[in-house]
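Text of upload_15.txt (compact mmCIF, N, CA and C atoms) as supplied:
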```txt
# COMPACT_ATOMS: atom_id res chain seq x y z
N MET A 1 127.66 62.11 7.58
CA MET A 1 126.53 62.48 6.75
C MET A 1 127.01 63.32 5.58
N LYS A 2 126.22 63.27 4.54
CA LYS A 2 126.52 64.05 3.34
C LYS A 2 125.33 64.93 3.01
N GLU A 3 125.60 66.20 2.67
CA GLU A 3 124.51 67.10 2.27
C GLU A 3 124.21 66.88 0.79
N LEU A 4 122.94 66.63 0.52
CA LEU A 4 122.45 66.54 -0.85
C LEU A 4 121.58 67.75 -1.12
N GLN A 5 121.57 68.21 -2.37
CA GLN A 5 120.73 69.34 -2.74
C GLN A 5 119.93 68.98 -3.98
N PHE A 6 118.64 69.35 -3.94
CA PHE A 6 117.73 69.10 -5.05
C PHE A 6 116.94 70.38 -5.31
N SER A 7 116.53 70.58 -6.56
CA SER A 7 115.71 71.75 -6.86
C SER A 7 114.76 71.45 -8.00
N VAL A 8 113.70 72.25 -8.04
CA VAL A 8 112.70 72.12 -9.10
C VAL A 8 112.05 73.49 -9.29
N GLU A 9 111.70 73.79 -10.56
CA GLU A 9 110.95 75.00 -10.86
C GLU A 9 109.50 74.60 -11.06
N ILE A 10 108.60 75.37 -10.43
CA ILE A 10 107.18 75.04 -10.40
C ILE A 10 106.38 76.24 -10.87
N ASN A 11 105.47 76.01 -11.80
CA ASN A 11 104.61 77.08 -12.32
C ASN A 11 103.44 77.31 -11.36
N ALA A 12 103.76 77.87 -10.22
CA ALA A 12 102.78 78.16 -9.17
C ALA A 12 103.41 79.14 -8.19
N SER A 13 102.56 79.81 -7.44
CA SER A 13 103.07 80.75 -6.43
C SER A 13 103.77 79.99 -5.31
N LYS A 14 104.66 80.69 -4.61
CA LYS A 14 105.34 80.02 -3.49
C LYS A 14 104.37 79.70 -2.37
N ASP A 15 103.29 80.49 -2.23
CA ASP A 15 102.27 80.17 -1.22
C ASP A 15 101.63 78.82 -1.52
N ARG A 16 101.32 78.58 -2.78
CA ARG A 16 100.71 77.32 -3.18
C ARG A 16 101.69 76.16 -2.96
N VAL A 17 102.94 76.35 -3.34
CA VAL A 17 103.94 75.30 -3.17
C VAL A 17 104.12 74.98 -1.68
N TRP A 18 104.14 76.01 -0.85
CA TRP A 18 104.27 75.82 0.60
C TRP A 18 103.11 74.97 1.13
N THR A 19 101.91 75.27 0.66
CA THR A 19 100.74 74.50 1.08
C THR A 19 100.89 73.04 0.67
N ILE A 20 101.36 72.80 -0.55
CA ILE A 20 101.56 71.42 -1.01
C ILE A 20 102.60 70.72 -0.15
N LEU A 21 103.64 71.43 0.22
CA LEU A 21 104.69 70.83 1.06
C LEU A 21 104.15 70.38 2.41
N TRP A 22 103.34 71.20 3.07
CA TRP A 22 103.06 70.98 4.49
C TRP A 22 101.61 70.69 4.85
N GLU A 23 100.69 70.72 3.90
CA GLU A 23 99.32 70.28 4.19
C GLU A 23 99.35 68.76 4.31
N ASP A 24 98.64 68.21 5.28
CA ASP A 24 98.74 66.79 5.61
C ASP A 24 98.57 65.86 4.40
N ALA A 25 97.48 66.00 3.66
CA ALA A 25 97.19 65.07 2.56
C ALA A 25 98.25 65.13 1.46
N THR A 26 98.66 66.34 1.08
CA THR A 26 99.64 66.46 0.01
C THR A 26 101.05 66.08 0.51
N PHE A 27 101.36 66.40 1.77
CA PHE A 27 102.64 65.96 2.33
C PHE A 27 102.75 64.45 2.26
N ARG A 28 101.72 63.74 2.71
CA ARG A 28 101.74 62.27 2.69
C ARG A 28 101.92 61.74 1.27
N ASP A 29 101.31 62.44 0.31
CA ASP A 29 101.40 62.03 -1.09
C ASP A 29 102.86 62.07 -1.58
N TRP A 30 103.49 63.24 -1.49
CA TRP A 30 104.85 63.34 -2.04
C TRP A 30 105.91 62.68 -1.16
N ALA A 31 105.76 62.76 0.16
CA ALA A 31 106.77 62.20 1.06
C ALA A 31 106.81 60.67 0.99
N SER A 32 105.70 60.06 0.63
CA SER A 32 105.68 58.59 0.52
C SER A 32 106.54 58.09 -0.63
N LEU A 33 106.90 58.97 -1.55
CA LEU A 33 107.82 58.58 -2.62
C LEU A 33 109.25 58.46 -2.10
N ILE A 34 109.52 59.09 -0.98
CA ILE A 34 110.85 59.00 -0.35
C ILE A 34 110.87 57.83 0.63
N ASP A 35 109.87 57.78 1.51
CA ASP A 35 109.76 56.71 2.50
C ASP A 35 108.28 56.39 2.66
N GLU A 36 107.88 55.23 2.20
CA GLU A 36 106.47 54.86 2.13
C GLU A 36 105.74 55.08 3.46
N GLY A 37 104.56 55.70 3.33
CA GLY A 37 103.70 55.89 4.50
C GLY A 37 104.10 57.04 5.41
N THR A 38 104.98 57.92 4.94
CA THR A 38 105.47 59.00 5.80
C THR A 38 104.39 60.05 6.08
N TYR A 39 104.31 60.42 7.35
CA TYR A 39 103.43 61.49 7.80
C TYR A 39 104.17 62.25 8.89
N PHE A 40 103.61 63.38 9.34
CA PHE A 40 104.24 64.09 10.45
C PHE A 40 103.23 64.38 11.54
N LYS A 41 103.75 64.47 12.77
CA LYS A 41 102.96 64.83 13.95
C LYS A 41 103.58 66.06 14.55
N GLY A 42 102.73 67.04 14.86
CA GLY A 42 103.22 68.26 15.49
C GLY A 42 102.73 69.48 14.75
N VAL A 43 103.07 70.63 15.28
CA VAL A 43 102.64 71.91 14.72
C VAL A 43 103.86 72.61 14.12
N MET A 44 103.72 73.03 12.86
CA MET A 44 104.80 73.72 12.15
C MET A 44 104.94 75.13 12.69
N GLN A 45 105.79 75.26 13.71
CA GLN A 45 106.04 76.55 14.34
C GLN A 45 107.49 76.57 14.80
N GLU A 46 108.17 77.68 14.54
CA GLU A 46 109.58 77.78 14.94
C GLU A 46 109.73 77.48 16.42
N GLY A 47 110.73 76.66 16.73
CA GLY A 47 110.99 76.27 18.11
C GLY A 47 110.29 75.00 18.53
N ASN A 48 109.31 74.54 17.76
CA ASN A 48 108.59 73.30 18.07
C ASN A 48 109.37 72.08 17.61
N GLU A 49 109.07 70.95 18.26
CA GLU A 49 109.55 69.67 17.76
C GLU A 49 108.42 69.05 16.96
N ILE A 50 108.80 68.34 15.92
CA ILE A 50 107.86 67.67 15.05
C ILE A 50 108.43 66.29 14.74
N GLN A 51 107.57 65.31 14.56
CA GLN A 51 108.05 63.97 14.25
C GLN A 51 107.63 63.58 12.84
N PHE A 52 108.58 63.06 12.08
CA PHE A 52 108.31 62.47 10.78
C PHE A 52 108.41 60.96 10.97
N ILE A 53 107.35 60.25 10.58
CA ILE A 53 107.26 58.81 10.88
C ILE A 53 106.74 58.07 9.65
N SER A 54 107.27 56.88 9.42
CA SER A 54 106.73 56.00 8.39
C SER A 54 105.69 55.10 9.03
N SER A 55 104.45 55.15 8.51
CA SER A 55 103.39 54.29 9.04
C SER A 55 103.63 52.84 8.65
N VAL A 56 104.51 52.61 7.69
CA VAL A 56 104.81 51.25 7.24
C VAL A 56 105.84 50.60 8.16
N SER A 57 106.98 51.27 8.39
CA SER A 57 108.05 50.69 9.19
C SER A 57 108.02 51.11 10.65
N GLY A 58 107.38 52.25 10.94
CA GLY A 58 107.37 52.77 12.30
C GLY A 58 108.62 53.57 12.64
N PHE A 59 109.61 53.58 11.73
CA PHE A 59 110.84 54.34 11.96
C PHE A 59 110.62 55.80 11.56
N GLY A 60 111.39 56.69 12.20
CA GLY A 60 111.25 58.10 11.89
C GLY A 60 112.33 58.93 12.55
N VAL A 61 112.06 60.23 12.60
CA VAL A 61 113.00 61.17 13.20
C VAL A 61 112.20 62.28 13.87
N THR A 62 112.72 62.73 15.01
CA THR A 62 112.16 63.90 15.69
C THR A 62 113.05 65.08 15.31
N ASP A 63 112.41 66.17 14.88
CA ASP A 63 113.14 67.35 14.42
C ASP A 63 112.74 68.57 15.23
N LEU A 64 113.71 69.45 15.41
CA LEU A 64 113.46 70.78 15.94
C LEU A 64 113.29 71.70 14.74
N ILE A 65 112.22 72.52 14.74
CA ILE A 65 112.07 73.53 13.69
C ILE A 65 112.92 74.72 14.12
N GLU A 66 114.11 74.76 13.58
CA GLU A 66 115.11 75.74 14.00
C GLU A 66 114.82 77.14 13.43
N LYS A 67 114.33 77.19 12.20
CA LYS A 67 114.01 78.48 11.58
C LYS A 67 112.80 78.27 10.68
N LEU A 68 111.87 79.22 10.75
CA LEU A 68 110.66 79.14 9.94
C LEU A 68 110.26 80.53 9.48
N ASN A 69 110.22 80.71 8.18
CA ASN A 69 109.70 81.92 7.56
C ASN A 69 108.62 81.43 6.59
N PRO A 70 107.35 81.42 7.03
CA PRO A 70 106.27 80.81 6.22
C PRO A 70 106.29 81.24 4.76
N ASN A 71 106.04 80.27 3.90
CA ASN A 71 106.00 80.42 2.44
C ASN A 71 107.36 80.72 1.82
N GLU A 72 108.43 80.69 2.63
CA GLU A 72 109.76 80.99 2.09
C GLU A 72 110.84 80.01 2.52
N PHE A 73 110.87 79.64 3.81
CA PHE A 73 112.00 78.84 4.29
C PHE A 73 111.65 78.11 5.57
N ILE A 74 112.15 76.86 5.66
CA ILE A 74 112.07 76.13 6.91
C ILE A 74 113.34 75.29 7.06
N LEU A 75 113.87 75.27 8.28
CA LEU A 75 115.06 74.49 8.59
C LEU A 75 114.74 73.56 9.75
N PHE A 76 114.90 72.28 9.49
CA PHE A 76 114.73 71.25 10.52
C PHE A 76 116.10 70.76 10.97
N ARG A 77 116.26 70.51 12.27
CA ARG A 77 117.46 69.86 12.80
C ARG A 77 117.01 68.55 13.43
N HIS A 78 117.57 67.45 12.93
CA HIS A 78 117.20 66.12 13.43
C HIS A 78 117.77 65.95 14.85
N SER A 79 116.86 65.84 15.82
CA SER A 79 117.31 65.76 17.21
C SER A 79 117.29 64.34 17.77
N ALA A 80 116.53 63.44 17.14
CA ALA A 80 116.50 62.05 17.63
C ALA A 80 115.95 61.13 16.54
N ASP A 81 116.54 59.95 16.42
CA ASP A 81 116.00 58.90 15.56
C ASP A 81 115.01 58.10 16.40
N THR A 82 113.89 57.70 15.79
CA THR A 82 112.85 57.02 16.55
C THR A 82 112.41 55.72 15.88
N LYS A 83 111.73 54.91 16.66
CA LYS A 83 111.08 53.70 16.16
C LYS A 83 109.77 53.54 16.91
N GLU A 84 109.01 52.51 16.56
CA GLU A 84 107.69 52.29 17.17
C GLU A 84 106.81 53.53 17.07
N SER A 85 106.73 54.05 15.84
CA SER A 85 105.90 55.23 15.53
C SER A 85 106.23 56.44 16.40
N GLY A 86 107.51 56.65 16.66
CA GLY A 86 107.97 57.82 17.39
C GLY A 86 107.97 57.67 18.90
N LYS A 87 107.64 56.49 19.40
CA LYS A 87 107.53 56.29 20.85
C LYS A 87 108.85 55.96 21.52
N GLN A 88 109.84 55.51 20.74
CA GLN A 88 111.09 55.07 21.34
C GLN A 88 112.27 55.52 20.48
N GLU A 89 113.37 55.89 21.14
CA GLU A 89 114.57 56.28 20.38
C GLU A 89 115.28 55.03 19.88
N ARG A 90 116.05 55.22 18.81
CA ARG A 90 116.84 54.13 18.23
C ARG A 90 118.24 54.65 17.92
N GLU A 91 119.05 53.83 17.27
CA GLU A 91 120.42 54.23 16.93
C GLU A 91 120.42 55.57 16.21
N LYS A 92 121.48 56.32 16.36
CA LYS A 92 121.51 57.71 15.90
C LYS A 92 122.05 57.84 14.48
N GLU A 93 121.28 57.35 13.52
CA GLU A 93 121.66 57.41 12.12
C GLU A 93 121.50 58.83 11.54
N TRP A 94 120.41 59.50 11.89
CA TRP A 94 120.07 60.82 11.35
C TRP A 94 120.34 61.97 12.33
N THR A 95 120.46 61.68 13.60
CA THR A 95 120.59 62.70 14.64
C THR A 95 121.73 63.68 14.32
N GLY A 96 121.41 64.97 14.44
CA GLY A 96 122.39 66.02 14.19
C GLY A 96 122.34 66.59 12.78
N GLY A 97 121.69 65.87 11.87
CA GLY A 97 121.58 66.35 10.50
C GLY A 97 120.58 67.48 10.37
N LYS A 98 120.57 68.11 9.20
CA LYS A 98 119.66 69.22 8.91
C LYS A 98 118.91 68.93 7.62
N GLU A 99 117.77 69.59 7.48
CA GLU A 99 117.01 69.53 6.24
C GLU A 99 116.32 70.87 6.07
N SER A 100 116.46 71.48 4.89
CA SER A 100 115.83 72.78 4.66
C SER A 100 115.10 72.81 3.34
N TYR A 101 114.06 73.67 3.31
CA TYR A 101 113.24 73.90 2.13
C TYR A 101 113.19 75.40 1.91
N ALA A 102 113.69 75.86 0.76
CA ALA A 102 113.71 77.29 0.44
C ALA A 102 112.92 77.53 -0.84
N LEU A 103 112.04 78.54 -0.81
CA LEU A 103 111.22 78.87 -1.96
C LEU A 103 111.46 80.31 -2.36
N THR A 104 111.67 80.53 -3.65
CA THR A 104 111.75 81.88 -4.21
C THR A 104 110.83 81.92 -5.42
N GLU A 105 110.19 83.07 -5.63
CA GLU A 105 109.24 83.19 -6.73
C GLU A 105 109.62 84.36 -7.62
N LYS A 106 109.54 84.12 -8.93
CA LYS A 106 109.77 85.19 -9.91
C LYS A 106 108.84 84.95 -11.09
N ASN A 107 108.02 85.97 -11.38
CA ASN A 107 107.10 85.90 -12.51
C ASN A 107 106.19 84.67 -12.47
N GLY A 108 105.70 84.34 -11.29
CA GLY A 108 104.77 83.23 -11.15
C GLY A 108 105.41 81.85 -11.14
N VAL A 109 106.73 81.79 -11.18
CA VAL A 109 107.45 80.52 -11.14
C VAL A 109 108.21 80.44 -9.81
N THR A 110 107.98 79.36 -9.08
CA THR A 110 108.64 79.17 -7.80
C THR A 110 109.77 78.16 -7.95
N THR A 111 110.92 78.53 -7.43
CA THR A 111 112.04 77.60 -7.36
C THR A 111 112.08 77.05 -5.94
N LEU A 112 112.01 75.73 -5.83
CA LEU A 112 112.11 75.04 -4.55
C LEU A 112 113.48 74.38 -4.48
N ILE A 113 114.23 74.72 -3.44
CA ILE A 113 115.55 74.11 -3.21
C ILE A 113 115.49 73.38 -1.87
N VAL A 114 115.81 72.10 -1.92
CA VAL A 114 115.85 71.27 -0.71
C VAL A 114 117.29 70.85 -0.47
N LYS A 115 117.75 71.07 0.76
CA LYS A 115 119.07 70.58 1.18
C LYS A 115 118.82 69.61 2.33
N THR A 116 119.42 68.44 2.25
CA THR A 116 119.21 67.45 3.30
C THR A 116 120.49 66.70 3.58
N ASP A 117 120.79 66.51 4.86
CA ASP A 117 121.92 65.68 5.27
C ASP A 117 121.42 64.25 5.36
N VAL A 118 122.14 63.34 4.70
CA VAL A 118 121.73 61.94 4.74
C VAL A 118 122.92 61.08 5.15
N PRO A 119 122.65 59.99 5.88
CA PRO A 119 123.72 59.05 6.20
C PRO A 119 124.29 58.47 4.90
N LYS A 120 125.58 58.22 4.90
CA LYS A 120 126.27 57.72 3.71
C LYS A 120 125.55 56.53 3.08
N GLU A 121 125.08 55.60 3.91
CA GLU A 121 124.43 54.39 3.39
C GLU A 121 123.05 54.67 2.77
N GLN A 122 122.50 55.87 2.98
CA GLN A 122 121.20 56.26 2.42
C GLN A 122 121.32 57.17 1.19
N GLU A 123 122.56 57.54 0.86
CA GLU A 123 122.79 58.51 -0.21
C GLU A 123 122.16 58.08 -1.54
N GLU A 124 122.39 56.86 -1.96
CA GLU A 124 121.86 56.39 -3.24
C GLU A 124 120.32 56.38 -3.25
N THR A 125 119.73 55.94 -2.15
CA THR A 125 118.27 55.91 -2.04
C THR A 125 117.69 57.31 -2.20
N PHE A 126 118.26 58.28 -1.50
CA PHE A 126 117.73 59.65 -1.55
C PHE A 126 118.01 60.31 -2.90
N THR A 127 119.15 60.01 -3.50
CA THR A 127 119.47 60.56 -4.81
C THR A 127 118.48 60.07 -5.87
N THR A 128 117.97 58.88 -5.69
CA THR A 128 116.98 58.31 -6.61
C THR A 128 115.57 58.79 -6.30
N ARG A 129 115.20 58.80 -5.03
CA ARG A 129 113.81 59.06 -4.64
C ARG A 129 113.44 60.54 -4.52
N PHE A 130 114.36 61.39 -4.07
CA PHE A 130 114.01 62.78 -3.83
C PHE A 130 113.59 63.51 -5.11
N PRO A 131 114.28 63.33 -6.24
CA PRO A 131 113.81 63.99 -7.47
C PRO A 131 112.39 63.57 -7.86
N LYS A 132 112.02 62.33 -7.61
CA LYS A 132 110.65 61.88 -7.89
C LYS A 132 109.65 62.61 -6.99
N ALA A 133 110.03 62.82 -5.74
CA ALA A 133 109.15 63.54 -4.80
C ALA A 133 109.00 65.00 -5.25
N LEU A 134 110.08 65.62 -5.72
CA LEU A 134 109.98 67.01 -6.18
C LEU A 134 109.10 67.11 -7.43
N GLU A 135 109.18 66.13 -8.30
CA GLU A 135 108.31 66.13 -9.48
C GLU A 135 106.84 65.98 -9.06
N ARG A 136 106.60 65.20 -8.01
CA ARG A 136 105.23 65.05 -7.51
C ARG A 136 104.73 66.36 -6.91
N ILE A 137 105.59 67.07 -6.16
CA ILE A 137 105.23 68.38 -5.61
C ILE A 137 104.87 69.32 -6.75
N LYS A 138 105.68 69.33 -7.80
CA LYS A 138 105.42 70.16 -8.97
C LYS A 138 104.05 69.84 -9.57
N THR A 139 103.78 68.56 -9.78
CA THR A 139 102.50 68.14 -10.35
C THR A 139 101.33 68.58 -9.47
N LEU A 140 101.44 68.35 -8.19
CA LEU A 140 100.37 68.74 -7.26
C LEU A 140 100.14 70.25 -7.28
N ALA A 141 101.22 71.02 -7.28
CA ALA A 141 101.09 72.48 -7.24
C ALA A 141 100.56 73.05 -8.55
N GLU A 142 100.86 72.39 -9.66
CA GLU A 142 100.44 72.91 -10.96
C GLU A 142 99.06 72.41 -11.40
N THR A 143 98.46 71.53 -10.63
CA THR A 143 97.15 71.00 -10.98
C THR A 143 96.08 72.00 -10.56
N ARG A 144 95.49 72.67 -11.50
CA ARG A 144 94.54 73.76 -11.24
C ARG A 144 93.23 73.28 -10.61
N GLU A 145 92.80 72.08 -10.95
CA GLU A 145 91.49 71.59 -10.45
C GLU A 145 91.43 71.62 -8.93
N LYS A 146 92.53 71.43 -8.28
CA LYS A 146 92.54 71.39 -6.82
C LYS A 146 92.43 72.78 -6.19
N TRP A 147 92.53 73.83 -7.02
CA TRP A 147 92.70 75.17 -6.46
C TRP A 147 91.59 76.14 -6.82
N ASN A 148 90.53 75.67 -7.42
CA ASN A 148 89.39 76.54 -7.75
C ASN A 148 89.79 77.78 -8.54
N GLU A 149 90.60 77.58 -9.54
CA GLU A 149 91.02 78.74 -10.35
C GLU A 149 90.28 78.75 -11.66
```
Could you write out this structure as structure tokens?
Amino acid sequence: MKELQFSVEINASKDRVWTILWEDATFRDWASLIDEGTYFKGVMQEGNEIQFISSVSGFGVTDLIEKLNPNEFILFRHSADTKESGKQEREKEWTGGKESYALTEKNGVTTLIVKTDVPKEQEETFTTRFPKALERIKTLAETREKWNE
């Protein structure tokens, strides 16, 4: 696996960016730019397992939430590759990898840094798709109409 790193500056508070990252509707919006139909099952709590699944292909990954500091940092460790919408394990393409989201805020601007381990054969796909997903997160977070401001 290879670690890739992506970042974006967003004109919004880190609390707002965190909400965009992990609220169901907005997560599905931006994550689908990486893998179509992606959603998650589970509760975002340190020590919990959560599943990320594509509703289109049925493939996904089960992750352990290894570290969680709300509105600032989350670290996932991929514990199992799945298929059939998370019901069955499959070959271990992602197992053992990590993915983290770190947010820092200064003067109303949040910097989001994502680090993700990807299998070598997925590197080009993620290098192309992840920046588009970060731009979508930025757009969602900066859209005032959604936030009653």
Selection near segment 112-125 of chain A, 5 Å with all atoms listed in the file, sequence-local residues under 6 positions removed, as a CSV table (one decimal) with N, CA and C atoms, in the frame of the given file:
```
chain,number,residue,atom,x,y,z
A,1,MET,N,127.7,62.1,7.6
A,1,MET,CA,126.5,62.5,6.8
A,1,MET,C,127.0,63.3,5.6
A,2,LYS,N,126.2,63.3,4.5
A,2,LYS,CA,126.5,64.0,3.3
A,2,LYS,C,125.3,64.9,3.0
A,3,GLU,N,125.6,66.2,2.7
A,3,GLU,CA,124.5,67.1,2.3
A,3,GLU,C,124.2,66.9,0.8
A,4,LEU,N,122.9,66.6,0.5
A,4,LEU,CA,122.4,66.5,-0.8
A,4,LEU,C,121.6,67.8,-1.1
A,5,GLN,N,121.6,68.2,-2.4
A,5,GLN,CA,120.7,69.3,-2.7
A,5,GLN,C,119.9,69.0,-4.0
A,6,PHE,N,118.6,69.4,-3.9
A,6,PHE,CA,117.7,69.1,-5.0
A,6,PHE,C,116.9,70.4,-5.3
A,7,SER,N,116.5,70.6,-6.6
A,7,SER,CA,115.7,71.8,-6.9
A,7,SER,C,114.8,71.4,-8.0
A,8,VAL,N,113.7,72.2,-8.0
A,8,VAL,CA,112.7,72.1,-9.1
A,8,VAL,C,112.0,73.5,-9.3
A,98,LYS,N,120.6,68.1,9.2
A,98,LYS,CA,119.7,69.2,8.9
A,98,LYS,C,118.9,68.9,7.6
A,99,GLU,N,117.8,69.6,7.5
A,99,GLU,CA,117.0,69.5,6.2
A,99,GLU,C,116.3,70.9,6.1
A,100,SER,N,116.5,71.5,4.9
A,100,SER,CA,115.8,72.8,4.7
A,100,SER,C,115.1,72.8,3.3
A,101,TYR,N,114.1,73.7,3.3
A,101,TYR,CA,113.2,73.9,2.1
A,101,TYR,C,113.2,75.4,1.9
A,102,ALA,N,113.7,75.9,0.8
A,102,ALA,CA,113.7,77.3,0.4
A,102,ALA,C,112.9,77.5,-0.8
A,103,LEU,N,112.0,78.5,-0.8
A,103,LEU,CA,111.2,78.9,-2.0
A,103,LEU,C,111.5,80.3,-2.4
```
Mind listing the strand (DSSP E or B) residues of chain A, per DSSP on the backbone, as a PyMOL selection string? chain A and resi 2-10+38-41+49-54+60-69+73-83+88-89+98-106+109-118
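With all atoms listed in the file as the atoms that count, the minimum distance from Ala133 of chain A to the choices A:Ala31, A:Met44, A:Val109, A:Ile65 is reached by A:Ala31.
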Residues within 8 Å of Leu140 of chain A, all atoms listed in the file, excluding chain neighbours under 5 positions, as a count of residues only: 7
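Backbone DSSP assigns helix (DSSP H, G or I) in segment 9-94 of chain A to Lys14, Asp15, Arg16, Val17, Trp18, Thr19, Ile20, Leu21, Trp22, Asp24, Ala25, Thr26, Phe27, Arg28, Asp29, Trp30 and Ala31 of chain A.
When atom C of Thr104 of chain A is paired with atom C of Asp15 of chain A, their separation reads 10.5 Å.
The closest residue to Asn71 of chain A, picked from A:Lys14, A:Lys138, A:Lys41, A:Lys106 and counting only C-alpha atoms, is A:Lys14.
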Computed gap from atom CA of Leu33 of chain A to atom C of Ser55 of chain A is 13.3 Å
One decimal place gives the atom CA of Asp29 of chain A-atom CA of Gly47 of chain A separation as 25.8 Å
Can I get a file of segment 3-22 of chain A from the given structure, C-alpha atoms kept, as an mmCIF file, in the first residue's frame?
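Written output follows (selection01.cif):
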```cif
data_model
loop_
_atom_site.group_PDB
_atom_site.id
_atom_site.type_symbol
_atom_site.label_atom_id
_atom_site.label_comp_id
_atom_site.auth_asym_id
_atom_site.auth_seq_id
_atom_site.Cartn_x
_atom_site.Cartn_y
_atom_site.Cartn_z
ATOM 1 C CA GLU A 3 0.024 6.536 1.643
ATOM 2 C CA LEU A 4 -1.521 9.407 -0.277
ATOM 3 C CA GLN A 5 -2.124 12.834 1.240
ATOM 4 C CA PHE A 6 -4.631 15.457 0.137
ATOM 5 C CA SER A 7 -5.568 18.830 1.597
ATOM 6 C CA VAL A 8 -7.942 21.710 1.044
ATOM 7 C CA GLU A 9 -8.583 25.075 2.687
ATOM 8 C CA ILE A 10 -12.241 25.784 3.411
ATOM 9 C CA ASN A 11 -13.835 29.099 4.373
ATOM 10 C CA ALA A 12 -15.869 27.569 7.191
ATOM 11 C CA SER A 13 -15.422 26.514 10.800
ATOM 12 C CA LYS A 14 -13.964 23.098 11.521
ATOM 13 C CA ASP A 15 -17.251 22.180 13.241
ATOM 14 C CA ARG A 16 -19.109 22.819 9.990
ATOM 15 C CA VAL A 17 -16.535 20.887 7.936
ATOM 16 C CA TRP A 18 -16.765 17.964 10.373
ATOM 17 C CA THR A 19 -20.540 17.916 9.950
ATOM 18 C CA ILE A 20 -20.155 17.876 6.160
ATOM 19 C CA LEU A 21 -17.696 14.994 6.420
ATOM 20 C CA TRP A 22 -19.811 12.710 8.601
#
```
